[in-house]
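Student: The following file, work.txt, comprises compact mmCIF, C-alpha atoms:
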# COMPACT_ATOMS: atom_id res chain seq x y z
CA MET A 25 0.00 0.00 0.00
CA PRO A 26 2.75 2.54 0.76
CA GLY A 27 4.22 1.82 -2.70
CA SER A 28 0.93 2.53 -4.45
CA THR A 29 0.52 5.71 -2.40
CA ASN A 30 3.96 6.93 -3.42
CA GLU A 31 3.23 6.10 -7.06
CA ALA A 32 0.00 8.06 -6.95
CA ALA A 33 1.82 11.00 -5.37
CA ARG A 34 4.48 10.92 -8.10
CA LYS A 35 1.84 10.84 -10.80
CA GLY A 36 -0.02 13.69 -9.13
CA GLY A 37 3.17 15.70 -8.92
CA ALA A 38 4.02 15.05 -12.57
CA LEU A 39 0.52 16.11 -13.60
CA ALA A 40 0.83 19.32 -11.60
CA VAL A 41 4.17 20.13 -13.24
CA ALA A 42 2.77 19.47 -16.71
CA LEU A 43 -0.25 21.65 -16.02
CA SER A 44 2.00 24.39 -14.66
CA VAL A 45 4.05 24.41 -17.86
CA ILE A 46 0.99 24.38 -20.11
CA ALA A 47 -0.69 27.13 -18.10
CA ALA A 48 2.45 29.28 -18.03
CA VAL A 49 3.05 29.07 -21.78
CA ALA A 50 -0.62 29.63 -22.66
CA LEU A 51 -0.87 32.52 -20.19
CA ALA A 52 2.27 34.18 -21.58
CA VAL A 53 0.85 34.00 -25.11
CA ALA A 54 -2.52 35.31 -23.90
CA LEU A 55 -0.84 38.30 -22.23
CA VAL A 56 0.98 39.17 -25.45
CA ALA A 57 -2.31 38.71 -27.31
CA ALA A 58 -3.97 41.22 -24.98
CA GLY A 59 -1.48 43.82 -26.17
CA LEU A 60 -2.11 42.89 -29.79
CA ALA A 61 -5.86 43.24 -29.26
CA ALA A 62 -5.31 46.77 -27.95
CA CYS A 63 -3.29 47.59 -31.07
CA CYS A 64 -6.01 46.23 -33.36
CA ALA A 65 -8.76 48.27 -31.70
CA ARG A 66 -10.28 50.88 -33.99
CA PRO A 67 -9.80 53.83 -31.57
CA THR A 68 -6.09 53.05 -31.33
CA THR A 69 -5.63 53.60 -35.06
CA ALA A 70 -7.67 56.81 -34.97
CA VAL A 71 -5.74 58.30 -32.04
CA LEU A 72 -2.30 57.38 -33.36
CA SER A 73 -3.15 58.57 -36.87
CA GLN A 74 -4.32 61.88 -35.43
CA ALA A 75 -0.96 62.24 -33.71
CA THR A 76 1.35 60.99 -36.46
CA SER A 77 -0.18 61.08 -39.97
CA ALA A 78 2.20 62.77 -42.43
CA ASP A 79 -0.17 65.23 -44.11
CA TYR A 80 2.84 67.47 -44.90
CA ALA A 81 3.99 64.86 -47.45
CA SER A 82 0.56 63.96 -48.79
CA PRO A 83 -1.94 65.57 -51.14
CA TYR A 84 -4.57 64.77 -48.51
CA SER A 85 -5.40 66.67 -45.35
CA LYS A 86 -4.80 65.27 -41.87
CA GLY A 87 -8.51 64.63 -41.36
CA THR A 88 -8.71 62.68 -44.60
CA LEU A 89 -5.60 60.66 -43.77
CA ILE A 90 -7.14 59.75 -40.41
CA ASP A 91 -10.36 58.61 -42.08
CA LEU A 92 -8.42 56.58 -44.65
CA ALA A 93 -6.19 55.07 -41.96
CA VAL A 94 -9.24 53.86 -40.05
CA ALA A 95 -10.82 52.50 -43.24
CA THR A 96 -7.59 50.68 -44.08
CA ARG A 97 -7.52 49.28 -40.53
CA ASP A 98 -11.08 48.02 -41.10
CA TYR A 99 -9.85 46.29 -44.27
CA THR A 100 -6.90 44.57 -42.61
CA VAL A 101 -8.50 43.71 -39.27
CA ASP A 102 -12.25 43.38 -39.89
CA GLY A 103 -12.04 42.29 -43.52
CA ILE A 104 -14.37 44.87 -45.04
CA PRO A 105 -14.57 44.71 -48.86
CA ARG A 106 -11.69 46.22 -50.83
CA ALA A 107 -14.23 48.25 -52.82
CA ASP A 108 -15.30 50.11 -49.67
CA VAL A 109 -11.75 51.33 -49.06
CA LEU A 110 -11.23 52.31 -52.69
CA ASP A 111 -14.55 54.18 -52.72
CA GLN A 112 -13.38 56.19 -49.72
CA ILE A 113 -10.08 56.97 -51.45
CA MET A 114 -12.03 57.96 -54.57
CA ALA A 115 -14.10 60.40 -52.54
CA ALA A 116 -10.95 61.84 -50.99
CA ALA A 117 -9.27 62.24 -54.37
CA SER A 118 -12.37 63.88 -55.85
CA ALA A 119 -12.47 66.40 -53.03
CA GLU A 120 -8.79 67.13 -52.45
CA ALA A 121 -6.86 65.97 -55.53
CA PRO A 122 -9.27 66.12 -58.50
CA GLU A 123 -6.39 66.57 -60.92
CA VAL A 124 -5.41 62.91 -60.51
CA LEU A 125 -8.81 61.83 -61.84
CA ALA A 126 -8.80 64.18 -64.81
CA ASP A 127 -6.68 61.94 -67.06
CA SER A 128 -9.52 59.54 -67.85
CA ASP A 129 -13.23 59.57 -68.54
CA ASP A 130 -13.54 56.78 -65.97
CA PRO A 131 -12.49 58.00 -62.48
CA ALA A 132 -12.03 54.40 -61.28
CA ILE A 133 -9.52 53.70 -64.03
CA ALA A 134 -7.76 56.98 -63.35
CA LEU A 135 -7.45 56.14 -59.67
CA ALA A 136 -6.22 52.61 -60.43
CA ASN A 137 -3.45 54.11 -62.57
CA ALA A 138 -2.64 56.90 -60.13
CA ASN A 139 0.64 57.38 -58.32
CA GLU A 140 0.97 55.72 -54.90
CA ARG A 141 0.76 59.16 -53.29
CA TYR A 142 -2.92 59.27 -54.17
CA THR A 143 -4.13 55.72 -53.72
CA LEU A 144 -3.38 52.27 -52.41
CA THR A 145 -1.67 50.56 -55.33
CA GLU A 146 -1.99 46.87 -56.04
CA ASP A 147 1.29 46.26 -54.20
CA ALA A 148 -0.02 48.08 -51.15
CA LEU A 149 -3.33 46.24 -51.23
CA SER A 150 -1.51 42.93 -51.62
CA HIS A 151 0.52 43.71 -48.50
CA LEU A 152 -2.64 44.62 -46.62
CA ASP A 153 -4.13 41.29 -47.72
CA ASP A 154 -1.07 39.57 -46.24
CA VAL A 155 -1.60 41.46 -42.98
CA TYR A 156 -5.24 40.38 -42.89
CA ALA A 157 -4.21 36.77 -43.46
CA VAL A 158 -1.82 36.91 -40.50
CA ILE A 159 -4.36 38.56 -38.17
CA SER A 160 -7.29 36.36 -39.16
CA THR A 161 -5.17 33.24 -38.71
CA ALA A 162 -3.61 34.32 -35.43
CA ALA A 163 -6.79 35.58 -33.72
CA PRO A 164 -8.45 32.17 -33.20
CA ALA A 165 -5.15 30.63 -32.08
CA LEU A 166 -4.56 33.41 -29.57
CA ALA A 167 -8.12 33.14 -28.26
CA ALA A 168 -7.58 29.40 -27.87
CA CYS A 169 -4.45 30.08 -25.81
CA ALA A 170 -6.47 32.25 -23.43
CA ILE A 171 -9.02 29.46 -23.01
CA ILE A 172 -6.27 26.88 -22.50
CA ALA A 173 -4.62 29.11 -19.90
CA LEU A 174 -7.83 29.46 -17.93
CA ALA A 175 -8.71 25.76 -18.15
CA SER A 176 -5.21 24.60 -17.20
CA LEU A 177 -5.06 27.00 -14.25
CA ILE A 178 -8.35 25.64 -12.95
CA ALA A 179 -7.12 22.06 -13.41
CA LEU A 180 -3.83 23.01 -11.73
CA GLY A 181 -5.77 24.26 -8.74
CA PHE A 182 -7.24 20.79 -8.27
CA ALA A 183 -4.03 18.90 -9.05
CA GLY A 184 -1.44 21.09 -7.37
CA GLY A 185 -3.26 23.50 -5.09
CA ARG A 186 -3.54 27.26 -4.84
CA ARG A 187 0.18 27.82 -4.33
CA ARG A 188 1.09 26.34 -7.71
CA VAL A 189 -1.62 28.42 -9.38
CA GLY A 190 -0.32 31.57 -7.72
CA MET A 191 3.28 30.83 -8.68
CA THR A 192 2.27 30.24 -12.30
CA LEU A 193 0.29 33.47 -12.39
CA ILE A 194 3.39 35.29 -11.17
CA ALA A 195 6.08 33.47 -13.17
CA ALA A 196 4.52 33.67 -16.66
CA PRO A 197 3.95 37.45 -16.61
CA LEU A 198 7.47 38.04 -15.28
CA VAL A 199 8.90 36.16 -18.27
CA VAL A 200 6.73 38.27 -20.60
CA ILE A 201 7.85 41.49 -18.91
CA VAL A 202 11.52 40.57 -19.27
CA ALA A 203 11.02 39.64 -22.94
CA PHE A 204 9.22 42.92 -23.68
CA ALA A 205 11.92 44.88 -21.85
CA LEU A 206 14.55 43.33 -24.12
CA LEU A 207 12.45 44.06 -27.20
CA ALA A 208 11.88 47.64 -26.06
CA ALA A 209 15.64 48.09 -25.69
CA TRP A 210 16.09 46.78 -29.24
CA VAL A 211 13.51 49.26 -30.52
CA VAL A 212 15.22 52.17 -28.78
CA ILE A 213 18.65 51.17 -30.09
CA ASP A 214 17.65 50.17 -33.63
CA PHE A 215 14.02 50.71 -34.55
CA ASN A 216 14.57 50.11 -38.26
CA GLY A 217 16.36 46.83 -37.60
CA PHE A 218 13.60 45.67 -35.26
CA PHE A 219 10.90 46.73 -37.72
CA ALA A 220 12.57 44.83 -40.55
CA ALA A 221 13.13 41.72 -38.43
CA PHE A 222 9.52 41.75 -37.22
CA HIS A 223 8.14 42.04 -40.75
CA SER A 224 10.46 39.35 -42.07
CA LEU A 225 8.78 36.88 -39.72
CA PHE A 226 5.49 37.22 -41.58
CA PHE A 227 6.08 38.78 -45.00
CA ALA A 228 8.35 38.17 -47.97
CA ASN A 229 11.18 40.62 -48.51
CA GLY A 230 10.24 43.51 -50.75
CA THR A 231 6.49 43.21 -50.20
CA TRP A 232 6.23 45.65 -47.29
CA THR A 233 8.45 48.59 -48.30
CA PHE A 234 6.93 51.70 -49.87
CA SER A 235 7.95 55.26 -50.69
CA ALA A 236 8.00 57.75 -47.83
CA ASP A 237 5.36 59.90 -49.58
CA SER A 238 3.05 57.01 -50.54
CA LEU A 239 -0.47 57.06 -49.19
CA LEU A 240 0.19 53.96 -47.09
CA ILE A 241 3.22 55.48 -45.36
CA CYS A 242 1.58 58.89 -44.95
CA MET A 243 -1.27 57.15 -43.15
CA TYR A 244 1.11 54.98 -41.13
CA PRO A 245 4.52 56.68 -40.82
CA PRO A 246 7.29 55.26 -38.57
CA ASP A 247 6.03 57.27 -35.57
CA PHE A 248 2.66 55.54 -35.94
CA TRP A 249 4.33 52.14 -35.47
CA ILE A 250 6.40 53.39 -32.57
CA GLY A 251 3.10 54.42 -30.99
CA MET A 252 1.64 51.00 -31.74
CA GLY A 253 4.61 49.41 -30.03
CA ALA A 254 4.04 51.60 -26.99
CA VAL A 255 0.36 50.60 -26.88
CA TRP A 256 1.28 46.92 -27.20
CA LEU A 257 3.85 47.26 -24.41
CA ALA A 258 1.51 49.19 -22.09
CA ALA A 259 -1.44 46.84 -22.59
CA THR A 260 0.72 43.75 -22.10
CA LEU A 261 2.33 45.19 -18.97
CA LEU A 262 -1.09 46.08 -17.55
CA ALA A 263 -2.41 42.58 -18.21
CA SER A 264 0.77 41.11 -16.72
CA ALA A 265 0.47 43.27 -13.61
CA LEU A 266 -3.11 42.11 -13.10
CA ALA A 267 -2.03 38.48 -13.45
CA ILE A 268 0.78 38.97 -10.95
CA ALA A 269 -1.60 40.66 -8.50
CA ALA A 270 -4.00 37.73 -8.85
CA GLY A 271 -1.13 35.30 -8.26
CA ILE A 272 -0.01 37.10 -5.12
CA ALA A 273 -3.57 37.14 -3.80
CA ILE A 274 -4.04 33.43 -4.47
CA LYS A 275 -0.71 32.55 -2.84
CA GLY A 276 -1.68 34.71 0.13
CA LYS A 277 -4.90 32.78 0.60
CA LYS A 278 -2.93 29.56 0.58
CA SER A 279 -0.41 30.73 3.14
CA ARG A 280 -3.17 31.75 5.60
CA SER A 281 -5.11 28.50 5.28
Kindly present the structure from the file in structure tokens form.

Tutor:
Amino acid sequence: MPGSTNEAARKGGALAVALSVIAAVALAVALVAAGLAACCARPTTAVLSQATSADYASPYSKGTLIDLAVATRDYTVDGIPRADVLDQIMAAASAEAPEVLADSDDPAIALANANERYTLTEDALSHLDDVYAVISTAAPALAACAIIALASLIALGFAGGRRRVGMTLIAAPLVVIVAFALLAAWVVIDFNGFFAAFHSLFFANGTWTFSADSLLICMYPPDFWIGMGAVWLAATLLASALAIAAGIAIKGKKSRS
């Protein structure tokens, strides 16, 4: 009987360790995903575009660039039809750059043949399609990680007790915070290198570079992406802090029992 008891204890301990690892990894991914969700929110694009849009290099006004930036965000995140975005660009060109539409009897053809300063060219739209593919593929996986984290933490509570749950809730966010601190240092030291490395993870070389005065870059200049990085960092740190606070509280309950 003592042998069977020891075997059961070993199995229980192994299960608790496995659940701790699964919960920690899933929780870390979910915390990063929380920052990404904040970046993808519509108001985030509007606020950052208001602060950073390069209207000085564009034929369009700041207000128009903000509207087009939000519409382009809707295309890449929500998957609205391409025609809706192009219709909005057409309206902007008609109001603020009518000369670009004067070369053809068909405004749609004129816009399609226009310089990238005035419209989203096929290359730009193709890149935005790639972005949508990444986001739409990642979103369900990231949501699944959040569910796995919650389920494994609950199971860990039964298999290993409150203390293990609390330690996992503290350890995973600390790893995320350290990783983001290192990435933030990289951004400060070499933003262009970080930006290129990040894009190379998801997109083929040459598919995501555009002229500084193109519509896409005027809507989303480098400062816009620095702002996005700050939002991602802040949201992830906030979520991590909440997880750590929950872990401390859970461990505290255990120590008083």

Student: Record the distance separating CA of Gly185 in chain A and CA of Ser44 in chain A, expressed in Å with one decimal.

Tutor: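 Going from CA of Gly185 in chain A over to CA of Ser44 in chain A covers 11.0 Å.
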
Student: Report, in Å with one decimal, the straight-line distance from CA of Tyr142 in chain A to CA of Asp111 in chain A.

Tutor: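 Spanning CA of Tyr142 in chain A to CA of Asp111 in chain A is a straight-line distance of 12.8 Å.
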
Student: Mind pulling up the distance from CA of Ala62 in chain A to CA of Ala258 in chain A?

Tutor: 9.3 Å

Student: Which residues are close to Ser264 in chain A, i.e. within 10 Å by all atoms listed in the file, leaving aside same-chain residues fewer than 2 positions away? Reply as a PDB file with C-alpha atoms, keeping the file's coordinate frame.

Tutor:
ATOM      1  CA  LEU A  51      -0.870  32.520 -20.190  1.00  0.00           C
ATOM      2  CA  ALA A  52       2.270  34.180 -21.580  1.00  0.00           C
ATOM      3  CA  ALA A  54      -2.520  35.310 -23.900  1.00  0.00           C
ATOM      4  CA  LEU A  55      -0.840  38.300 -22.230  1.00  0.00           C
ATOM      5  CA  VAL A  56       0.980  39.170 -25.450  1.00  0.00           C
ATOM      6  CA  ALA A  58      -3.970  41.220 -24.980  1.00  0.00           C
ATOM      7  CA  LEU A 193       0.290  33.470 -12.390  1.00  0.00           C
ATOM      8  CA  ILE A 194       3.390  35.290 -11.170  1.00  0.00           C
ATOM      9  CA  ALA A 195       6.080  33.470 -13.170  1.00  0.00           C
ATOM     10  CA  ALA A 196       4.520  33.670 -16.660  1.00  0.00           C
ATOM     11  CA  PRO A 197       3.950  37.450 -16.610  1.00  0.00           C
ATOM     12  CA  LEU A 198       7.470  38.040 -15.280  1.00  0.00           C
ATOM     13  CA  VAL A 199       8.900  36.160 -18.270  1.00  0.00           C
ATOM     14  CA  VAL A 200       6.730  38.270 -20.600  1.00  0.00           C
ATOM     15  CA  ILE A 201       7.850  41.490 -18.910  1.00  0.00           C
ATOM     16  CA  ALA A 258       1.510  49.190 -22.090  1.00  0.00           C
ATOM     17  CA  ALA A 259      -1.440  46.840 -22.590  1.00  0.00           C
ATOM     18  CA  THR A 260       0.720  43.750 -22.100  1.00  0.00           C
ATOM     19  CA  LEU A 261       2.330  45.190 -18.970  1.00  0.00           C
ATOM     20  CA  LEU A 262      -1.090  46.080 -17.550  1.00  0.00           C
ATOM     21  CA  LEU A 266      -3.110  42.110 -13.100  1.00  0.00           C
ATOM     22  CA  ALA A 267      -2.030  38.480 -13.450  1.00  0.00           C
ATOM     23  CA  ILE A 268       0.780  38.970 -10.950  1.00  0.00           C
ATOM     24  CA  ALA A 269      -1.600  40.660  -8.500  1.00  0.00           C
ATOM     25  CA  ALA A 270      -4.000  37.730  -8.850  1.00  0.00           C
TER      26      ALA A 270
END

Student: Counting all atoms listed in the file, which residue out of A:Val45, A:Ala228, A:Leu110, A:Phe219 sits closest to Leu149 in chain A?

Tutor: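 Closest candidate: A:Leu110.
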
Student: Between A:Gly184, A:Phe222, A:Cys242, A:Val124, which residue has the minimum interatomic distance to Trp210 in chain A, considering all atoms listed in the file?

Tutor: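 Residue with the minimum atom-to-atom distance to Trp210 in chain A: A:Phe222.
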
Student: Find, counting all atoms listed in the file, the residue in A:Ile272, A:Ala138, A:Val49, A:Ala95 that gets nearest to Ala70 in chain A.

Tutor: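 Under the stated criterion, the closest residue is A:Ala95.
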
Student: Draw an axis-aligned box over all listed atoms of range 162-171 of chain A, pad each side with 6 Å, and write its centre and edge lengths in Å, one decimal, as lines of an AutoDock Vina configuration file.

Tutor:
center_x = -6.3
center_y = 32.5
center_z = -29.2
size_x = 17.4
size_y = 18.2
size_z = 24.4

Student: Which residue, A:Ser82, A:Thr76, A:Thr68, A:Ser118, has the smallest gap to Ala236 in chain A when you use only C-alpha atoms?

Tutor: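 Smallest distance to Ala236 in chain A is found for A:Ser82.
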
Student: Go through A:Asp154, A:Asp214, A:Asp79, A:Asp147 and flag the residue nearest Tyr99 in chain A, using only C-alpha atoms for the distances.

Tutor: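 For Tyr99 in chain A, the nearest of the given residues is A:Asp154.
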
Student: Give me the residues near Ala42 in chain A as a VMD selection string, where near means some atom within 12 Å (using all atoms listed in the file) and where sequence neighbours in that chain fewer than 4 positions away do not count.

Tutor: chain A and resid 35 to 38 46 to 49 176 to 177 179 to 180 183 to 184 188 192

Student: Identify which of the residues A:Ala75, A:Arg187, A:Glu120, A:Leu225 lies closest to Trp249 in chain A, counting all atoms listed in the file when measuring atom-to-atom distances.

Tutor: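 Closest candidate: A:Ala75.
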
Student: Missing atoms in range 62-77 of chain A should be modelled up to N, CA, C and O atoms and reported as a PDB file, in the frame of the given file.

Tutor:
ATOM      1  N   ALA A  62      -5.253  45.312 -28.155  1.00  0.00           N
ATOM      2  CA  ALA A  62      -5.310  46.770 -27.950  1.00  0.00           C
ATOM      3  C   ALA A  62      -4.831  47.503 -29.193  1.00  0.00           C
ATOM      4  O   ALA A  62      -5.387  48.539 -29.575  1.00  0.00           O
ATOM      5  N   CYS A  63      -3.804  46.968 -29.845  1.00  0.00           N
ATOM      6  CA  CYS A  63      -3.290  47.590 -31.070  1.00  0.00           C
ATOM      7  C   CYS A  63      -4.308  47.524 -32.200  1.00  0.00           C
ATOM      8  O   CYS A  63      -4.394  48.441 -33.022  1.00  0.00           O
ATOM      9  N   CYS A  64      -5.053  46.433 -32.260  1.00  0.00           N
ATOM     10  CA  CYS A  64      -6.010  46.230 -33.360  1.00  0.00           C
ATOM     11  C   CYS A  64      -7.313  46.993 -33.149  1.00  0.00           C
ATOM     12  O   CYS A  64      -8.138  47.067 -34.074  1.00  0.00           O
ATOM     13  N   ALA A  65      -7.516  47.550 -31.969  1.00  0.00           N
ATOM     14  CA  ALA A  65      -8.760  48.270 -31.700  1.00  0.00           C
ATOM     15  C   ALA A  65      -8.874  49.505 -32.598  1.00  0.00           C
ATOM     16  O   ALA A  65      -7.891  50.211 -32.834  1.00  0.00           O
ATOM     17  N   ARG A  66     -10.060  49.769 -33.065  1.00  0.00           N
ATOM     18  CA  ARG A  66     -10.280  50.880 -33.990  1.00  0.00           C
ATOM     19  C   ARG A  66      -9.859  52.239 -33.402  1.00  0.00           C
ATOM     20  O   ARG A  66      -9.212  53.044 -34.072  1.00  0.00           O
ATOM     21  N   PRO A  67     -10.207  52.534 -32.125  1.00  0.00           N
ATOM     22  CA  PRO A  67      -9.800  53.830 -31.570  1.00  0.00           C
ATOM     23  C   PRO A  67      -8.290  54.021 -31.521  1.00  0.00           C
ATOM     24  O   PRO A  67      -7.809  55.153 -31.621  1.00  0.00           O
ATOM     25  N   THR A  68      -7.541  52.933 -31.375  1.00  0.00           N
ATOM     26  CA  THR A  68      -6.090  53.050 -31.330  1.00  0.00           C
ATOM     27  C   THR A  68      -5.556  53.616 -32.641  1.00  0.00           C
ATOM     28  O   THR A  68      -4.712  54.525 -32.655  1.00  0.00           O
ATOM     29  N   THR A  69      -6.059  53.087 -33.755  1.00  0.00           N
ATOM     30  CA  THR A  69      -5.630  53.600 -35.060  1.00  0.00           C
ATOM     31  C   THR A  69      -6.006  55.069 -35.218  1.00  0.00           C
ATOM     32  O   THR A  69      -5.195  55.878 -35.694  1.00  0.00           O
ATOM     33  N   ALA A  70      -7.212  55.427 -34.826  1.00  0.00           N
ATOM     34  CA  ALA A  70      -7.670  56.810 -34.970  1.00  0.00           C
ATOM     35  C   ALA A  70      -6.803  57.773 -34.163  1.00  0.00           C
ATOM     36  O   ALA A  70      -6.384  58.827 -34.660  1.00  0.00           O
ATOM     37  N   VAL A  71      -6.518  57.411 -32.916  1.00  0.00           N
ATOM     38  CA  VAL A  71      -5.740  58.300 -32.040  1.00  0.00           C
ATOM     39  C   VAL A  71      -4.305  58.435 -32.538  1.00  0.00           C
ATOM     40  O   VAL A  71      -3.757  59.546 -32.609  1.00  0.00           O
ATOM     41  N   LEU A  72      -3.682  57.315 -32.897  1.00  0.00           N
ATOM     42  CA  LEU A  72      -2.300  57.380 -33.360  1.00  0.00           C
ATOM     43  C   LEU A  72      -2.188  58.078 -34.711  1.00  0.00           C
ATOM     44  O   LEU A  72      -1.219  58.794 -34.965  1.00  0.00           O
ATOM     45  N   SER A  73      -3.164  57.878 -35.581  1.00  0.00           N
ATOM     46  CA  SER A  73      -3.150  58.570 -36.870  1.00  0.00           C
ATOM     47  C   SER A  73      -3.305  60.070 -36.669  1.00  0.00           C
ATOM     48  O   SER A  73      -2.661  60.872 -37.360  1.00  0.00           O
ATOM     49  N   GLN A  74      -4.149  60.456 -35.743  1.00  0.00           N
ATOM     50  CA  GLN A  74      -4.320  61.880 -35.430  1.00  0.00           C
ATOM     51  C   GLN A  74      -2.983  62.493 -35.004  1.00  0.00           C
ATOM     52  O   GLN A  74      -2.646  63.618 -35.373  1.00  0.00           O
ATOM     53  N   ALA A  75      -2.211  61.719 -34.256  1.00  0.00           N
ATOM     54  CA  ALA A  75      -0.960  62.240 -33.710  1.00  0.00           C
ATOM     55  C   ALA A  75       0.203  62.174 -34.703  1.00  0.00           C
ATOM     56  O   ALA A  75       1.146  62.970 -34.590  1.00  0.00           O
ATOM     57  N   THR A  76       0.140  61.246 -35.669  1.00  0.00           N
ATOM     58  CA  THR A  76       1.350  60.990 -36.460  1.00  0.00           C
ATOM     59  C   THR A  76       1.190  61.104 -37.971  1.00  0.00           C
ATOM     60  O   THR A  76       2.203  61.137 -38.686  1.00  0.00           O
ATOM     61  N   SER A  77      -0.010  61.125 -38.516  1.00  0.00           N
ATOM     62  CA  SER A  77      -0.180  61.080 -39.970  1.00  0.00           C
ATOM     63  C   SER A  77       0.606  62.198 -40.652  1.00  0.00           C
ATOM     64  O   SER A  77       0.627  63.344 -40.196  1.00  0.00           O
TER      65      SER A  77
END
